[in-house]
$ cat structure37.pdb   # PDB, C-alpha atoms
ATOM      1  CA  MET A 734     102.646  73.325  85.416
ATOM      2  CA  ALA A 735     103.494  76.922  86.323
ATOM      3  CA  LYS A 736     100.568  79.134  87.222
ATOM      4  CA  THR A 737     100.001  82.137  84.991
ATOM      5  CA  ILE A 738      99.680  85.698  86.250
ATOM      6  CA  LEU A 739      98.485  88.633  84.189
ATOM      7  CA  ALA A 740     100.354  91.787  85.259
ATOM      8  CA  VAL A 741      98.651  94.989  84.122
ATOM      9  CA  ASP A 742     100.479  98.302  84.508
ATOM     10  CA  ASP A 743     101.154 101.259  82.217
ATOM     11  CA  SER A 744     104.640 101.698  83.669
ATOM     12  CA  SER A 745     107.025  99.454  81.755
ATOM     13  CA  SER A 746     109.612  99.504  84.542
ATOM     14  CA  LEU A 747     106.980  98.436  87.060
ATOM     15  CA  ARG A 748     105.832  95.601  84.789
ATOM     16  CA  GLN A 749     109.435  94.479  84.413
ATOM     17  CA  MET A 750     109.952  94.443  88.177
ATOM     18  CA  VAL A 751     106.732  92.552  88.818
ATOM     19  CA  ALA A 752     107.534  90.035  86.069
ATOM     20  CA  PHE A 753     111.109  89.617  87.297
ATOM     21  CA  SER A 754     109.958  88.949  90.861
ATOM     22  CA  LEU A 755     107.167  86.538  89.925
ATOM     23  CA  LYS A 756     109.179  84.630  87.334
ATOM     24  CA  ALA A 757     111.951  84.142  89.897
ATOM     25  CA  ALA A 758     109.337  82.468  92.094
ATOM     26  CA  GLY A 759     108.348  80.110  89.272
ATOM     27  CA  TYR A 760     105.251  81.810  87.894
ATOM     28  CA  GLN A 761     104.538  82.473  84.252
ATOM     29  CA  VAL A 762     103.778  86.141  83.604
ATOM     30  CA  ILE A 763     101.792  87.838  80.850
ATOM     31  CA  GLU A 764     102.168  91.612  80.690
ATOM     32  CA  ALA A 765      99.555  94.157  79.643
ATOM     33  CA  VAL A 766     100.106  97.908  79.200
ATOM     34  CA  ASP A 767      96.679  99.134  80.346
ATOM     35  CA  GLY A 768      93.233  97.935  81.365
ATOM     36  CA  GLN A 769      92.015  97.452  77.795
ATOM     37  CA  ASP A 770      95.124  95.462  76.867
ATOM     38  CA  GLY A 771      94.674  93.463  80.076
ATOM     39  CA  LEU A 772      91.073  92.655  79.203
ATOM     40  CA  ASP A 773      92.028  91.611  75.667
ATOM     41  CA  LYS A 774      94.830  89.372  76.916
ATOM     42  CA  ALA A 775      92.651  87.852  79.641
ATOM     43  CA  LYS A 776      90.101  86.931  76.980
ATOM     44  CA  GLN A 777      92.779  85.372  74.775
ATOM     45  CA  GLN A 778      94.277  83.224  77.511
ATOM     46  CA  ALA A 779      92.868  82.116  80.848
ATOM     47  CA  VAL A 780      95.089  83.119  83.740
ATOM     48  CA  ASP A 781      95.234  82.071  87.399
ATOM     49  CA  LEU A 782      95.625  85.554  88.870
ATOM     50  CA  VAL A 783      95.304  89.150  87.701
ATOM     51  CA  LEU A 784      97.506  91.792  89.261
ATOM     52  CA  THR A 785      96.490  95.256  88.155
ATOM     53  CA  ASP A 786      97.372  98.889  88.631
ATOM     54  CA  GLN A 787      94.560 101.443  89.058
ATOM     55  CA  ASN A 788      95.497 104.618  87.186
ATOM     56  CA  MET A 789      96.127 103.738  83.559
ATOM     57  CA  PRO A 790      95.208 105.217  80.180
ATOM     58  CA  LYS A 791      92.350 103.743  78.092
ATOM     59  CA  MET A 792      90.934 101.663  80.960
ATOM     60  CA  ASP A 793      91.660 101.922  84.673
ATOM     61  CA  GLY A 794      92.023  99.036  87.112
ATOM     62  CA  LEU A 795      88.543  99.247  88.625
ATOM     63  CA  THR A 796      86.910  99.187  85.191
ATOM     64  CA  LEU A 797      89.102  96.228  84.236
ATOM     65  CA  ILE A 798      87.991  94.333  87.348
ATOM     66  CA  LYS A 799      84.312  95.038  86.666
ATOM     67  CA  SER A 800      84.746  93.940  83.039
ATOM     68  CA  LEU A 801      86.527  90.736  84.063
ATOM     69  CA  ARG A 802      83.931  89.911  86.702
ATOM     70  CA  GLY A 803      81.339  90.123  83.958
ATOM     71  CA  LEU A 804      83.023  87.273  82.119
ATOM     72  CA  PRO A 805      82.086  83.745  83.308
ATOM     73  CA  THR A 806      85.757  82.625  83.073
ATOM     74  CA  TYR A 807      86.843  85.345  85.485
ATOM     75  CA  ALA A 808      83.979  85.259  87.965
ATOM     76  CA  LYS A 809      86.145  83.479  90.549
ATOM     77  CA  VAL A 810      89.711  84.197  89.400
ATOM     78  CA  PRO A 811      91.613  86.159  92.088
ATOM     79  CA  ILE A 812      92.303  89.772  91.209
ATOM     80  CA  LEU A 813      94.711  91.899  93.211
ATOM     81  CA  MET A 814      95.214  95.632  92.870
ATOM     82  CA  LEU A 815      98.808  96.873  92.948
ATOM     83  CA  THR A 816      98.671 100.639  93.028
ATOM     84  CA  THR A 817      99.997 103.824  94.582
ATOM     85  CA  GLU A 818      96.436 104.571  95.726
ATOM     86  CA  SER A 819      96.116 103.966  99.452
ATOM     87  CA  SER A 820      92.881 105.632 100.535
ATOM     88  CA  ASP A 821      90.142 103.628 102.246
ATOM     89  CA  GLU A 822      87.696 105.062  99.736
ATOM     90  CA  MET A 823      89.588 103.563  96.803
ATOM     91  CA  LYS A 824      90.021 100.253  98.617
ATOM     92  CA  SER A 825      86.264 100.100  99.196
ATOM     93  CA  LYS A 826      85.674 100.774  95.519
ATOM     94  CA  GLY A 827      88.108  97.997  94.661
ATOM     95  CA  ARG A 828      86.381  95.579  96.971
ATOM     96  CA  ALA A 829      82.976  96.513  95.559
ATOM     97  CA  ALA A 830      84.277  96.022  92.017
ATOM     98  CA  GLY A 831      85.381  92.497  92.874
ATOM     99  CA  ALA A 832      89.057  92.776  93.848
ATOM    100  CA  ASN A 833      90.357  90.153  96.271
ATOM    101  CA  GLY A 834      93.115  92.276  97.709
ATOM    102  CA  TRP A 835      94.882  95.611  97.680
ATOM    103  CA  LEU A 836      98.651  96.059  97.597
ATOM    104  CA  VAL A 837     100.037  99.561  97.946
ATOM    105  CA  LYS A 838     103.146 100.462  95.948
ATOM    106  CA  PRO A 839     106.038 100.342  96.308
ATOM    107  CA  PHE A 840     105.946  96.573  96.638
ATOM    108  CA  ASP A 841     108.548  94.381  98.249
ATOM    109  CA  PRO A 842     109.167  91.381  95.954
ATOM    110  CA  GLN A 843     109.338  88.925  98.856
ATOM    111  CA  ARG A 844     106.039  90.189 100.221
ATOM    112  CA  LEU A 845     104.427  90.141  96.790
ATOM    113  CA  ILE A 846     105.386  86.496  96.318
ATOM    114  CA  GLU A 847     104.090  85.602  99.778
ATOM    115  CA  VAL A 848     100.726  87.187  98.963
ATOM    116  CA  VAL A 849     100.527  85.537  95.537
ATOM    117  CA  LYS A 850     101.359  82.149  97.082
ATOM    118  CA  LYS A 851      98.686  82.667  99.692
ATOM    119  CA  VAL A 852      96.124  83.482  97.020
ATOM    120  CA  ILE A 853      96.922  80.931  94.289
ATOM    121  CA  GLY A 854      99.513  78.672  95.804
TER     122      GLY A 854
ATOM    123  CA  MET B 755      75.133 150.997  93.916
ATOM    124  CA  THR B 756      76.829 153.471  91.588
ATOM    125  CA  ARG B 757      78.290 152.317  88.274
ATOM    126  CA  LYS B 758      81.758 152.993  89.601
ATOM    127  CA  LYS B 759      81.153 150.786  92.651
ATOM    128  CA  ILE B 760      79.665 147.976  90.570
ATOM    129  CA  LEU B 761      82.655 148.074  88.260
ATOM    130  CA  GLY B 762      85.016 148.162  91.232
ATOM    131  CA  SER B 763      83.355 145.137  92.842
ATOM    132  CA  HIS B 764      83.596 143.141  89.589
ATOM    133  CA  VAL B 765      87.271 144.018  89.163
ATOM    134  CA  LYS B 766      87.882 143.031  92.796
ATOM    135  CA  ARG B 767      86.075 139.715  92.326
ATOM    136  CA  LEU B 768      88.048 138.940  89.186
ATOM    137  CA  LEU B 769      91.416 139.796  90.681
ATOM    138  CA  SER B 770      90.773 137.831  93.873
ATOM    139  CA  GLY B 771      89.530 134.860  91.810
ATOM    140  CA  VAL B 772      92.673 134.864  89.687
ATOM    141  CA  SER B 773      94.834 135.216  92.758
ATOM    142  CA  ASP B 774      93.078 132.421  94.718
ATOM    143  CA  HIS B 775      93.108 130.074  91.766
ATOM    144  CA  GLY B 776      96.766 130.722  90.957
ATOM    145  CA  ARG B 777      97.894 130.453  94.561
ATOM    146  CA  ARG B 778      95.957 127.227  95.205
ATOM    147  CA  HIS B 779      97.400 125.496  92.159
ATOM    148  CA  LEU B 780     100.919 126.795  92.727
ATOM    149  CA  ASN B 781     100.753 125.483  96.305
ATOM    150  CA  GLU B 782      99.847 122.057  94.916
ATOM    151  CA  VAL B 783     102.678 122.281  92.371
ATOM    152  CA  GLU B 784     105.067 123.109  95.182
ATOM    153  CA  THR B 785     103.814 120.216  97.347
ATOM    154  CA  ASP B 786     104.102 117.734  94.480
ATOM    155  CA  LEU B 787     107.602 118.913  93.589
ATOM    156  CA  VAL B 788     108.764 118.709  97.205
ATOM    157  CA  GLN B 789     107.315 115.177  97.414
ATOM    158  CA  THR B 790     109.061 114.265  94.135
ATOM    159  CA  THR B 791     112.351 115.583  95.497
ATOM    160  CA  LEU B 792     111.981 113.549  98.701
ATOM    161  CA  LEU B 793     111.235 110.365  96.768
ATOM    162  CA  LEU B 794     114.125 110.938  94.358
ATOM    163  CA  GLU B 795     116.588 111.641  97.167
ATOM    164  CA  GLU B 796     115.538 108.535  99.065
ATOM    165  CA  ALA B 797     115.638 106.424  95.907
ATOM    166  CA  VAL B 798     119.155 107.530  95.026
ATOM    167  CA  GLU B 799     120.347 106.904  98.577
ATOM    168  CA  LYS B 800     118.746 103.455  98.820
ATOM    169  CA  LEU B 801     119.754 102.374  95.325
ATOM    170  CA  THR B 802     123.346 103.439  95.965
ATOM    171  CA  THR B 803     123.371 101.431  99.204
ATOM    172  CA  SER B 804     121.844  98.388  97.471
ATOM    173  CA  PHE B 805     124.248  98.462  94.537
ATOM    174  CA  MET B 806     127.267  98.904  96.809
ATOM    175  CA  ALA B 807     126.067  95.963  98.925
ATOM    176  CA  ILE B 808     125.527  93.825  95.804
ATOM    177  CA  HIS B 809     129.004  94.760  94.582
ATOM    178  CA  GLN B 810     130.536  93.822  97.940
ATOM    179  CA  ALA B 811     128.692  90.492  98.076
ATOM    180  CA  VAL B 812     129.687  89.604  94.491
ATOM    181  CA  ASP B 813     133.262  90.646  95.220
ATOM    182  CA  ALA B 814     133.379  88.453  98.345
ATOM    183  CA  ARG B 815     131.911  85.521  96.396
ATOM    184  CA  GLN B 816     134.508  85.959  93.638
ATOM    185  CA  HIS B 817     137.236  86.063  96.289
ATOM    186  CA  SER B 818     136.037  82.736  97.704
ATOM    187  CA  ILE B 819     135.769  81.196  94.210
ATOM    188  CA  ASN B 820     139.334  82.304  93.418
ATOM    189  CA  ARG B 821     140.576  80.608  96.577
ATOM    190  CA  LEU B 822     138.698  77.431  95.689
ATOM    191  CA  LEU B 823     140.136  77.516  92.165
ATOM    192  CA  ALA B 824     143.586  77.883  93.657
ATOM    193  CA  GLY B 825     142.978  74.573  95.425
ATOM    194  CA  GLU B 826     142.304  75.840  98.912
ATOM    195  CA  ALA B 827     139.728  73.903 100.892
ATOM    196  CA  PRO B 828     136.992  76.169 102.264
ATOM    197  CA  SER B 829     136.542  76.327 106.004
ATOM    198  CA  ALA B 830     133.140  75.429 107.467
ATOM    199  CA  GLU B 831     132.496  79.127 108.057
ATOM    200  CA  GLU B 832     133.424  79.962 104.472
ATOM    201  CA  SER B 833     131.192  77.201 103.081
ATOM    202  CA  GLU B 834     128.285  78.521 105.112
ATOM    203  CA  LYS B 835     128.989  82.053 103.921
ATOM    204  CA  LEU B 836     129.127  80.936 100.283
ATOM    205  CA  THR B 837     125.850  79.064 100.638
ATOM    206  CA  GLY B 838     124.141  82.108 102.098
ATOM    207  CA  MET B 839     125.468  84.550  99.532
ATOM    208  CA  SER B 840     122.695  84.047  96.980
ATOM    209  CA  GLY B 841     120.153  84.845  99.645
ATOM    210  CA  GLU B 842     122.120  87.910 100.690
ATOM    211  CA  ILE B 843     122.357  89.162  97.099
ATOM    212  CA  GLY B 844     118.654  88.393  96.634
ATOM    213  CA  GLN B 845     117.828  90.563  99.647
ATOM    214  CA  HIS B 846     119.777  93.489  98.213
ATOM    215  CA  VAL B 847     118.116  93.013  94.802
ATOM    216  CA  ASN B 848     114.687  93.028  96.477
ATOM    217  CA  THR B 849     115.518  96.256  98.306
ATOM    218  CA  ALA B 850     116.689  97.757  95.009
ATOM    219  CA  ILE B 851     113.439  96.692  93.299
ATOM    220  CA  THR B 852     111.406  98.425  96.004
ATOM    221  CA  SER B 853     113.497 101.590  95.644
ATOM    222  CA  MET B 854     113.350 101.542  91.837
ATOM    223  CA  GLN B 855     109.602 102.048  92.021
ATOM    224  CA  PHE B 856     110.296 105.741  92.638
ATOM    225  CA  GLN B 857     109.905 106.143  88.876
ATOM    226  CA  ASP B 858     106.266 105.044  88.938
ATOM    227  CA  MET B 859     105.417 107.441  91.754
ATOM    228  CA  THR B 860     107.444 110.442  90.624
ATOM    229  CA  SER B 861     106.178 110.154  87.051
ATOM    230  CA  GLN B 862     102.590 110.336  88.355
ATOM    231  CA  LEU B 863     103.474 113.391  90.447
ATOM    232  CA  LEU B 864     105.232 115.081  87.526
ATOM    233  CA  ASP B 865     102.371 114.247  85.179
ATOM    234  CA  ARG B 866      99.955 115.861  87.645
ATOM    235  CA  THR B 867     102.204 118.933  87.833
ATOM    236  CA  LEU B 868     102.428 119.200  84.037
ATOM    237  CA  ARG B 869      98.660 118.953  83.661
ATOM    238  CA  ARG B 870      98.243 121.603  86.325
ATOM    239  CA  VAL B 871     100.703 123.944  84.599
ATOM    240  CA  SER B 872      98.888 123.347  81.320
ATOM    241  CA  GLY B 873      95.557 124.112  83.046
ATOM    242  CA  LEU B 874      97.004 127.336  84.463
ATOM    243  CA  ARG B 875      98.163 128.325  80.970
ATOM    244  CA  GLU B 876      94.628 127.772  79.642
ATOM    245  CA  PHE B 877      93.295 129.815  82.545
ATOM    246  CA  LEU B 878      95.570 132.728  81.652
ATOM    247  CA  THR B 879      94.638 132.373  77.969
ATOM    248  CA  THR B 880      90.953 132.707  78.907
ATOM    249  CA  LEU B 881      91.781 135.816  80.900
ATOM    250  CA  SER B 882      93.750 137.290  78.014
ATOM    251  CA  GLU B 883      91.051 136.481  75.408
ATOM    252  CA  HIS B 884      88.315 138.112  77.463
ATOM    253  CA  GLY B 885      90.595 141.083  78.129
ATOM    254  CA  ALA B 886      91.203 141.511  74.393
ATOM    255  CA  ASP B 887      87.438 141.734  73.817
ATOM    256  CA  ILE B 888      87.162 144.837  75.993
ATOM    257  CA  ALA B 889      87.584 147.917  73.825
ATOM    258  CA  PRO B 890      89.286 150.909  75.498
ATOM    259  CA  ASP B 891      86.256 153.105  74.843
ATOM    260  CA  CYS B 892      83.487 150.703  75.845
ATOM    261  CA  HIS B 893      80.899 151.637  78.454
ATOM    262  CA  SER B 894      81.169 150.600  82.056
ATOM    263  CA  GLU B 895      78.014 148.391  81.728
ATOM    264  CA  GLU B 896      79.705 146.448  78.974
ATOM    265  CA  ILE B 897      82.898 146.141  81.019
ATOM    266  CA  VAL B 898      80.878 144.876  83.996
ATOM    267  CA  GLU B 899      79.164 142.296  81.786
ATOM    268  CA  ARG B 900      82.456 141.091  80.340
ATOM    269  CA  LEU B 901      84.108 140.949  83.750
ATOM    270  CA  GLY B 902      81.185 138.852  85.008
ATOM    271  CA  LYS B 903      81.585 136.479  82.071
ATOM    272  CA  VAL B 904      85.325 136.109  82.535
ATOM    273  CA  SER B 905      84.918 135.522  86.286
ATOM    274  CA  MET B 906      82.369 132.803  85.562
ATOM    275  CA  ALA B 907      84.545 131.177  82.868
ATOM    276  CA  LEU B 908      87.555 131.187  85.178
ATOM    277  CA  ALA B 909      85.564 129.725  88.089
ATOM    278  CA  ILE B 910      84.402 126.856  85.862
ATOM    279  CA  GLN B 911      87.927 126.222  84.560
ATOM    280  CA  SER B 912      89.262 126.274  88.104
ATOM    281  CA  LEU B 913      86.722 123.693  89.264
ATOM    282  CA  GLU B 914      87.379 121.464  86.257
ATOM    283  CA  LEU B 915      91.106 121.592  86.870
ATOM    284  CA  ARG B 916      90.707 120.713  90.542
ATOM    285  CA  SER B 917      88.401 117.772  89.866
ATOM    286  CA  MET B 918      90.687 116.459  87.105
ATOM    287  CA  LEU B 919      93.752 116.421  89.340
ATOM    288  CA  ARG B 920      92.883 114.050  92.154
ATOM    289  CA  LYS B 921      96.007 113.046  94.028
ATOM    290  CA  SER B 922      96.874 109.383  93.525
ATOM    291  CA  VAL B 923     100.290 109.335  95.205
ATOM    292  CA  GLU B 924     100.507 110.162  98.900
ATOM    293  CA  GLN B 925     103.747 108.279  99.553
ATOM    294  CA  ARG B 926     106.629 110.354 100.865
ATOM    295  CA  HIS B 927     108.950 107.395 101.460
ATOM    296  CA  LEU B 928     109.978 104.286  99.578
ATOM    297  CA  GLU B 929     108.957 101.804 102.243
ATOM    298  CA  SER B 930     106.925  98.873 100.928
ATOM    299  CA  GLY B 931     103.215  99.590 101.109
ATOM    300  CA  ASP B 932     100.355  97.946 102.988
ATOM    301  CA  VAL B 933      98.830  94.671 101.882
ATOM    302  CA  GLU B 934      95.185  93.906 102.522
ATOM    303  CA  LEU B 935      93.396  90.783 101.414
ATOM    304  CA  PHE B 936      89.612  91.065 101.259
TER     305      PHE B 936
END

$ encode --input "structure37.pdb" --output "C-alpha cells"
Amino acid sequence: MAKTILAVDDSSSLRQMVAFSLKAAGYQVIEAVDGQDGLDKAKQQAVDLVLTDQNMPKMDGLTLIKSLRGLPTYAKVPILMLTTESSDEMKSKGRAAGANGWLVKPFDPQRLIEVVKKVIG
Amino acid sequence: MTRKKILGSHVKRLLSGVSDHGRRHLNEVETDLVQTTLLLEEAVEKLTTSFMAIHQAVDARQHSINRLLAGEAPSAEESEKLTGMSGEIGQHVNTAITSMQFQDMTSQLLDRTLRRVSGLREFLTTLSEHGADIAPDCHSEEIVERLGKVSMALAIQSLELRSMLRKSVEQRHLESGDVELF
C-alpha cells in the first residue's frame, strides 16, 4: 500500500510540484493550504510523513509541527520542513519544535524523493 | 537653550528621522527588487533551456517511432537511445520543476516589498496628520511638543515595520537548496 504524505504549502504551484514529484515516485499525497488546514487534515487522516513550508497564513510551519507533536498519533511521525528559510537560527527552531529534517527551496524532485525514501522508505 | 534652538533641534531630528527611515526602507525595496529580477531572469533562461530540451527529446522520440512504424528495424544504438529517452525527459522535467519554484520565492519578495511600501505610506500619513494639527499661528512651545510627538510616533512605526519584515528569502539563484536531516 502506498505511503501517504501530507504536503503543506500556501503556494498552489509549489504544492502541485511537490505532489507531482511524489506521486510519480508512488506516494499518495494529501495537500493542505496552510498550517491550520494541515493540522485539520492530519487529524482527519493519519499520514506517514508531513512535509511543510514555514511561512504561511493562519498557522506557520513551526506552529504546525509543535501542534502535531502534541498529538499522540504524530509523536513519532517524520516531519520535514521545505522552505525558503535557510538560516541556522530557523533550522534550530525547527529542530527544537520537532522537525526531522530541513530542506531549503528550491527543491530538486530527484533529491526530494531520495530524502523521502530515506525517511519513510 | 533658546526657544529658536530647541525648535531647530526638533525640526532637525524629525527631518533626519524621516530621511533615515525612508532611505533604509527604500534600500531594502531596491535589494528585494534586484533579487527578484535576478531570480526571474534565471528562471526564464533555465525554463527556456528545459522546454527546448524536452521538445528536442520528444521530437527525436517521435522520429524513432515514425521509423519503427514504417517497418524499419531499430539499430542497437537506437534501441538504447529510445530506452533512455524517458529518463532524459524526466531529467529535463526535474530541472524545470526546480526552476519553476521562482514563483514561490519572488512572490515572497514582492509581498515583502508591497508591505514595506504600504508601511511607508502609513508613515507619510502619520507625518501629514501631525503636520495638519499644527496651526500657522501656534506658539513655538506647542510646535516643539507636536514635533516631539510626531518624531516618537514615526520612530515606533519605523521599528514596527522593520520587525514585521524579516527576510525569509536569501536565495539569489535557482540551484536546489541544502538538505539536512536531524

$ resolve_selection --input "structure37.pdb" --expression "the PyMOL selection byres ((chain A) within 9 of (chain B))" --output "MDAnalysis selection string"
chainID A and resid 744 746:747 750 754 788 813 816:820 828 832:845 848 852

$ atom_distance --input "structure37.pdb" --atom1 "atom CA of Lys791 of chain A" --atom2 "atom CA of Gln769 of chain A"
6.3 Å

$ atom_distance --input "structure37.pdb" --atom1 "atom CA of Ile843 of chain B" --atom2 "atom CA of Thr802 of chain B"
14.4 Å

$ closest_residue --input "structure37.pdb" --among "B:Leu915, B:Ile897, B:Cys892, B:Ala909" --to "Arg875 of chain B" --atoms "only C-alpha atoms"
B:Leu915

$ atom_distance --input "structure37.pdb" --atom1 "atom CA of Glu795 of chain B" --atom2 "atom CA of Gly841 of chain B"
27.1 Å

$ resolve_selection --input "structure37.pdb" --expression "the PyMOL selection byres ((chain A and resi 792) around 10)" --output "PDB file with C-alpha atoms, in the coordinates of the input"
ATOM      1  CA  ASP A 767      96.679  99.134  80.346  1.00  0.00           C
ATOM      2  CA  GLY A 768      93.233  97.935  81.365  1.00  0.00           C
ATOM      3  CA  GLN A 769      92.015  97.452  77.795  1.00  0.00           C
ATOM      4  CA  ASP A 770      95.124  95.462  76.867  1.00  0.00           C
ATOM      5  CA  GLY A 771      94.674  93.463  80.076  1.00  0.00           C
ATOM      6  CA  LEU A 772      91.073  92.655  79.203  1.00  0.00           C
ATOM      7  CA  GLN A 787      94.560 101.443  89.058  1.00  0.00           C
ATOM      8  CA  ASN A 788      95.497 104.618  87.186  1.00  0.00           C
ATOM      9  CA  MET A 789      96.127 103.738  83.559  1.00  0.00           C
ATOM     10  CA  PRO A 790      95.208 105.217  80.180  1.00  0.00           C
ATOM     11  CA  LYS A 791      92.350 103.743  78.092  1.00  0.00           C
ATOM     12  CA  ASP A 793      91.660 101.922  84.673  1.00  0.00           C
ATOM     13  CA  GLY A 794      92.023  99.036  87.112  1.00  0.00           C
ATOM     14  CA  LEU A 795      88.543  99.247  88.625  1.00  0.00           C
ATOM     15  CA  THR A 796      86.910  99.187  85.191  1.00  0.00           C
ATOM     16  CA  LEU A 797      89.102  96.228  84.236  1.00  0.00           C
TER      17      LEU A 797
END

$ resolve_selection --input "structure37.pdb" --expression "the PyMOL selection byres ((chain B and resi 903) around 12)" --output "list in words"
His764, Val765, Arg767, Leu768, Thr880, Leu881, Glu883, His884, Gly885, Asp887, Ile888, Glu896, Ile897, Val898, Glu899, Arg900, Leu901, Gly902, Val904, Ser905, Met906, Ala907, Leu908, Ala909 and Ile910 of chain B

$ closest_residue --input "structure37.pdb" --among "B:His817, B:His809, B:His779, B:Lys800" --to "Leu919 of chain B" --atoms "all atoms listed in the file"
B:His779

$ residues_near_point --input "structure37.pdb" --point "(103.3, 116.7, 99.7)" --cutoff "12 Å" --atoms "all atoms listed in the file" --output "VMD selection string"
chain B and resid 781 to 793 860 863 921 to 927
